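The structure under discussion appears below in the form of structure tokens.
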2 protein chains.
Amino acid sequence: MTAVSIESAFYRGAPDRLEVPPMTTPPRQPRRKAEQRAESLEQLLDAAEELFSQHGFYGVTIKDIADKVGVHKSLIHYYFTDKQEVFDKVMARRAPVTSGRRMEALDAYEAAAGGKPTVEGALRAFLDTDLDTYSNGGDGWRHFGALSAQINNTPAWGAEVMDRLFDPVVLRLIGLLRQALPDATEEDLFWGYHFVTGALTLSLARTGRIDHLSGGKCRSDDFEAIKERMASFMAHGFIGICHDRAAERRKQTRE
Amino acid sequence: MTAVSIESAFYRGAPDRLEVPPMTTPPRQPRRKAEQRAESLEQLLDAAEELFSQHGFYGVTIKDIADKVGVHKSLIHYYFTDKQEVFDKVMARRAPVTSGRRMEALDAYEAAAGGKPTVEGALRAFLDTDLDTYSNGGDGWRHFGALSAQINNTPAWGAEVMDRLFDPVVLRLIGLLRQALPDATEEDLFWGYHFVTGALTLSLARTGRIDHLSGGKCRSDDFEAIKERMASFMAHGFIGICHDRAAERRKQTRE
DNA sequence: ATTATCTATAGATCTATAGATAATGC
DNA sequence: ATTATCTATAGATCTATAGATAATGC
């Protein structure tokens with residue numbers, strides 16, 4: 001898999017300068033050892049990702065991860081210094097992808113909106129892009145989503161690192177919301193975002209709670225149903241409180 | 001503390017039949033051993049609650065809990081059969097309290113609304129009651145809130161038990177929302193609740209994320225700020241999507 | 001010659017239990 | 001006599017490391 005991405009990265013780069021190959025010669029067949037290493041690493045990270053997402057950092061042992069892949073537990077110490085590094089690499093694998101995609105979507109939306117972004121438009125670029133990533137990305141993204149949801153509510157597990165990584169996209173979204181709602185206070189924008197991210201986080205966790213609560217009418221896995229409602233719901237929330245609270249401020253000023 | 005609540009439960013019960021005391025004689029001074037047992041139990045549950053809320057079920061050892069209280073770790077096995085029971089009793093201590101208070105608040109609101117409940121009114125009974133519980137309840141409730149937030153996003157830790165306990169209040173809330181929004185589909189009501197509970201959960205976790213994201217303008221601990229916005233924000237969301245989606249259904253029918 | 005994987009093992013920690021000790025209860 | 005707490009310890013498990021073995025690389 002990684003061998004494939006190395007190849008495609010090579011072929012994607014600067015196709016108009018083929019006369020300068022960056023390395024000696026591109027290997028015809030993927031080199032076996034590099035391939036083996038990449039595969040083992042990926043399998044271990046996949047297994048760790050799934051187990052961490054189900055039981056949390058402390059609920060998983062190095063042996064659990066190795067057993068799931070079918071290798072000896074000491075192999076983990078060959079590829080990683082300790083369990084914390086496994087966890088960190090699980091995070092480092094996908095977090096920049098979702099951050100990058102949302103940033104691009106917000107850039108594209110801002111360009112398309114021509115100086116007049118709407119609340120729902122900005123939220124759609126942010127939310128629907130992410131919901132697509134997590135719903136079309138297969139098991140790996142599904143587990144990563146559940147793990148992110150846990151981490152989001154358990155700051156002691158190194159949420160600060162995650163936060164710092166996502167800060168730029170979030171501030172980018174809030175910048176667009178500020179344009180769309182010039183009368184909103186900063187506090188209202190940030191609290192609104194807080195509500196949005198709480199709802200998104202719970203969605204990524206796919207707990208199955210809504211399935212049984214609704215008697216089967218809704219399903220945690222139904223990200224299309226979430227996409228149909230979430231951006232619109234939250235946009236009405238933003239606009240509503242800004243309107244209500246601006247009216248209240250005017251009333252207080254008059255008194 | 002437990003001695004106190006036994007006493008008050010005694011005095012609260014049927015004050016018009018004082019001639020039939022249920023036990024031999026109410027003890028003038030609290031009995032020392034019962035008091036000691038109750039205190040130890042409470043201290044152990046307090047310590048467990050705080051530690052679990054920070055590190056999760058598997059991140060806490062029996063020794064950690066005992067050390068925090070200053071007793072020997074084997075004492076935990078005297079009061080509880082195993083760690084799982086400690087965890088379960090931590091949950092059993094406060095979960096029924098928040099469930100009961102919200103149920104009472106919804107009953108009171110329905111009676112006061114005289115057949116015409118509003119979305120925001122119902123949400124206020126549900127949300128503001130809970131936010132009050134968690135913000136005025138001291139450290140114990142603060143830790144329990146953070147722990148609940150973790151569990152909410154980690155179904156493998158016995159969230160089903162919690163769910164079943166909270167189902168009645170949630171369905172009660174949704175019943176009121178259904179009255180307030182007779183045109184809403186069941187799916188819209190349940191997904192709307194899903195968004196609400198995600199936002200509430202993140203609030204209870206008090207992660208500090210919004211503090212640093214907003215550069216200090218908002219604080220995770222500021223439950224008054226949340227109360228000022230949350231019910232109103234969510235009510236606008238509910239009304240908004242029901243309106244939008246009903247319009248869309250009419251449009252599709254016409255085509 | 002280097003790399004990937006496994007075997008063996010040390011040392012720490014964790015849960016759980018049996019039984020001793022010190023306090024309160026009647 | 002009963003209850004609350006502690007001591008001692010067994011057995012399991014966990015992390016981490018040293019070193020052997022079996023592959024691939026040049």
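Residues in the structure tokens are numbered from 1 in each chain, the chains being A, B, ... in the order shown, and ligands are numbered from 1 in the order shown.
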
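Near chain A, within 6 Å and using only C-alpha atoms, the residues of chain B are Tyr58, Gly59, Gln150, Asn153, Pro155, Phe195, Gly198, Ala199, Leu202, Ala205, Thr207, Phe233, Met234, His236, Gly237, Gly240 and Ile241 of chain B.
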
Now that the selection is made, can you save its residues with all heavy atoms as a compact mmCIF listing (two decimals), in the first residue's frame?
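To be explicit, this is the file written out as selection_15.txt:
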```
# COMPACT_ATOMS: atom_id res chain seq x y z
N TYR B 58 -9.89 1.71 32.23
CA TYR B 58 -8.66 0.92 32.23
C TYR B 58 -7.44 1.73 32.64
O TYR B 58 -6.39 1.16 32.89
CB TYR B 58 -8.41 0.32 30.84
CG TYR B 58 -9.47 -0.65 30.40
CD1 TYR B 58 -10.44 -0.27 29.48
CD2 TYR B 58 -9.50 -1.93 30.90
CE1 TYR B 58 -11.41 -1.17 29.06
CE2 TYR B 58 -10.47 -2.83 30.50
CZ TYR B 58 -11.42 -2.44 29.58
OH TYR B 58 -12.38 -3.33 29.17
N GLY B 59 -7.58 3.03 32.70
CA GLY B 59 -6.45 3.87 33.07
C GLY B 59 -6.30 4.04 34.56
O GLY B 59 -5.41 4.75 35.02
N GLN B 150 -17.22 10.85 28.57
CA GLN B 150 -16.38 9.79 28.02
C GLN B 150 -17.20 8.56 27.66
O GLN B 150 -17.09 8.01 26.57
CB GLN B 150 -15.36 9.35 29.07
CG GLN B 150 -14.05 10.06 29.00
CD GLN B 150 -13.08 9.44 30.00
OE1 GLN B 150 -12.64 8.33 29.87
NE2 GLN B 150 -12.78 10.21 31.03
N ASN B 153 -19.32 8.46 24.53
CA ASN B 153 -18.64 8.24 23.25
C ASN B 153 -17.84 6.94 23.22
O ASN B 153 -17.07 6.72 22.30
CB ASN B 153 -17.73 9.43 22.93
CG ASN B 153 -18.51 10.61 22.40
OD1 ASN B 153 -19.71 10.51 22.17
ND2 ASN B 153 -17.85 11.73 22.21
N PRO B 155 -19.03 3.30 23.73
CA PRO B 155 -20.12 2.38 24.07
C PRO B 155 -19.66 1.09 24.73
O PRO B 155 -20.40 0.49 25.50
CB PRO B 155 -20.75 2.07 22.71
CG PRO B 155 -20.28 3.12 21.78
CD PRO B 155 -18.96 3.59 22.29
N PHE B 195 -28.23 15.82 17.93
CA PHE B 195 -27.37 17.01 17.93
C PHE B 195 -27.33 17.66 19.32
O PHE B 195 -26.28 18.07 19.81
CB PHE B 195 -27.87 18.02 16.89
CG PHE B 195 -27.87 17.50 15.48
CD1 PHE B 195 -28.85 17.90 14.57
CD2 PHE B 195 -26.90 16.60 15.04
CE1 PHE B 195 -28.85 17.42 13.26
CE2 PHE B 195 -26.90 16.11 13.73
CZ PHE B 195 -27.89 16.52 12.84
N GLY B 198 -25.21 15.60 21.76
CA GLY B 198 -23.79 15.71 21.46
C GLY B 198 -23.21 17.00 22.02
O GLY B 198 -22.14 17.01 22.64
N ALA B 199 -23.95 18.08 21.84
CA ALA B 199 -23.48 19.37 22.34
C ALA B 199 -23.47 19.40 23.86
O ALA B 199 -22.54 19.92 24.49
CB ALA B 199 -24.37 20.49 21.79
N LEU B 202 -20.46 17.32 25.23
CA LEU B 202 -19.18 18.02 25.15
C LEU B 202 -19.10 19.11 26.22
O LEU B 202 -18.04 19.36 26.79
CB LEU B 202 -18.99 18.62 23.75
CG LEU B 202 -17.68 19.38 23.54
CD1 LEU B 202 -16.48 18.46 23.71
CD2 LEU B 202 -17.64 20.04 22.17
N ALA B 205 -18.11 17.67 29.48
CA ALA B 205 -16.72 17.23 29.54
C ALA B 205 -15.77 18.35 29.97
O ALA B 205 -14.70 18.07 30.50
CB ALA B 205 -16.28 16.68 28.18
N THR B 207 -13.66 20.42 28.47
CA THR B 207 -12.33 20.05 28.01
C THR B 207 -11.33 21.20 27.99
O THR B 207 -10.13 20.99 27.85
CB THR B 207 -12.41 19.51 26.57
OG1 THR B 207 -12.87 20.57 25.71
CG2 THR B 207 -13.36 18.34 26.47
N PHE B 233 -30.43 28.15 20.77
CA PHE B 233 -29.74 27.69 19.56
C PHE B 233 -30.41 26.42 19.02
O PHE B 233 -30.76 26.33 17.84
CB PHE B 233 -28.28 27.42 19.91
CG PHE B 233 -27.39 27.02 18.76
CD1 PHE B 233 -26.53 27.95 18.17
CD2 PHE B 233 -27.37 25.73 18.27
CE1 PHE B 233 -25.68 27.59 17.12
CE2 PHE B 233 -26.53 25.35 17.22
CZ PHE B 233 -25.69 26.29 16.65
N MET B 234 -30.62 25.46 19.89
CA MET B 234 -31.16 24.17 19.45
C MET B 234 -32.63 24.31 19.03
O MET B 234 -33.06 23.66 18.07
CB MET B 234 -31.04 23.14 20.58
CG MET B 234 -29.60 22.85 20.99
SD MET B 234 -28.63 22.12 19.64
CE MET B 234 -26.95 22.40 20.24
N HIS B 236 -34.01 26.90 17.61
CA HIS B 236 -33.97 27.43 16.25
C HIS B 236 -33.60 26.34 15.25
O HIS B 236 -34.14 26.29 14.14
CB HIS B 236 -32.99 28.59 16.15
CG HIS B 236 -33.50 29.86 16.73
ND1 HIS B 236 -34.52 30.57 16.17
CD2 HIS B 236 -33.13 30.56 17.84
CE1 HIS B 236 -34.77 31.67 16.90
NE2 HIS B 236 -33.93 31.68 17.92
N GLY B 237 -32.70 25.46 15.66
CA GLY B 237 -32.31 24.36 14.78
C GLY B 237 -33.48 23.44 14.48
O GLY B 237 -33.75 23.12 13.32
N GLY B 240 -36.07 25.24 12.43
CA GLY B 240 -35.53 25.48 11.09
C GLY B 240 -35.58 24.26 10.20
O GLY B 240 -36.08 24.31 9.08
N ILE B 241 -35.05 23.12 10.68
CA ILE B 241 -35.04 21.96 9.77
C ILE B 241 -36.45 21.45 9.52
O ILE B 241 -36.75 21.01 8.41
CB ILE B 241 -34.16 20.77 10.25
CG1 ILE B 241 -34.50 20.28 11.62
CG2 ILE B 241 -32.69 21.09 10.14
CD1 ILE B 241 -33.88 18.88 11.88
```

Would you give me, as a Markdown table, each residue of chain A having an atom within 12 Å of an atom of chain C, along with its shortest atom pair and that distance in Å to one decimal, using only C-alpha atoms (C1' of nucleotides) and sorting by chain and residue number?
```
| residue | atom | partner | partner_atom | distance |
| --- | --- | --- | --- | --- |
| A:Arg32 | CA | C:DT3 | C1' | 10.9 |
| A:Lys33 | CA | C:DT3 | C1' | 7.5 |
| A:Ala34 | CA | C:DT3 | C1' | 9.5 |
| A:Glu35 | CA | C:DA4 | C1' | 11.5 |
| A:Gln36 | CA | C:DA4 | C1' | 8.3 |
| A:Arg37 | CA | C:DA4 | C1' | 7.8 |
| A:Ala38 | CA | C:DA4 | C1' | 11.5 |
| A:Glu39 | CA | C:DA4 | C1' | 11.8 |
| A:Ser40 | CA | C:DA4 | C1' | 9.6 |
| A:Leu41 | CA | C:DA4 | C1' | 11.6 |
| A:Ala66 | CA | C:DT5 | C1' | 12.0 |
| A:Gly70 | CA | C:DT5 | C1' | 11.5 |
| A:Val71 | CA | C:DT5 | C1' | 8.0 |
| A:His72 | CA | C:DC6 | C1' | 6.7 |
| A:Lys73 | CA | C:DC6 | C1' | 9.3 |
| A:Ser74 | CA | C:DC6 | C1' | 8.1 |
| A:Leu75 | CA | C:DT5 | C1' | 6.7 |
| A:Ile76 | CA | C:DT5 | C1' | 10.4 |
| A:His77 | CA | C:DT5 | C1' | 11.3 |
| A:Tyr78 | CA | C:DA4 | C1' | 8.9 |
| A:Tyr79 | CA | C:DA4 | C1' | 10.0 |
```

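The space separating CA of Phe126 in chain B from CA of Ala111 in chain B comes to 14.5 Å.
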
- Fewer than 5 positions away in the same chain doesn't count, so skip those; otherwise give me all residues within 8 Å of Val90 in chain A, counting only C-alpha atoms (C1' of nucleotides), as a list in words.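 Residues near the query, excluding close chain neighbours: Leu45, Asp46, Ala48 and Glu49 of chain A.
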
- Query: Separation of CA of His243 in chain B and CA of Leu177 in chain B, in Å?
  - Reply: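 We find that CA of His243 in chain B and CA of Leu177 in chain B lie 14.2 Å from each other.
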
- Smallest atom-to-atom distance to Thr61 in chain B: which of B:Lys83, B:Lys227, B:Arg101, B:Arg142, using only C-alpha atoms?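 Of all the options, B:Lys83 lies closest to Thr61 in chain B.
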
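Note that CA of Ala113 in chain A and CA of Thr98 in chain A are 22.1 Å apart.
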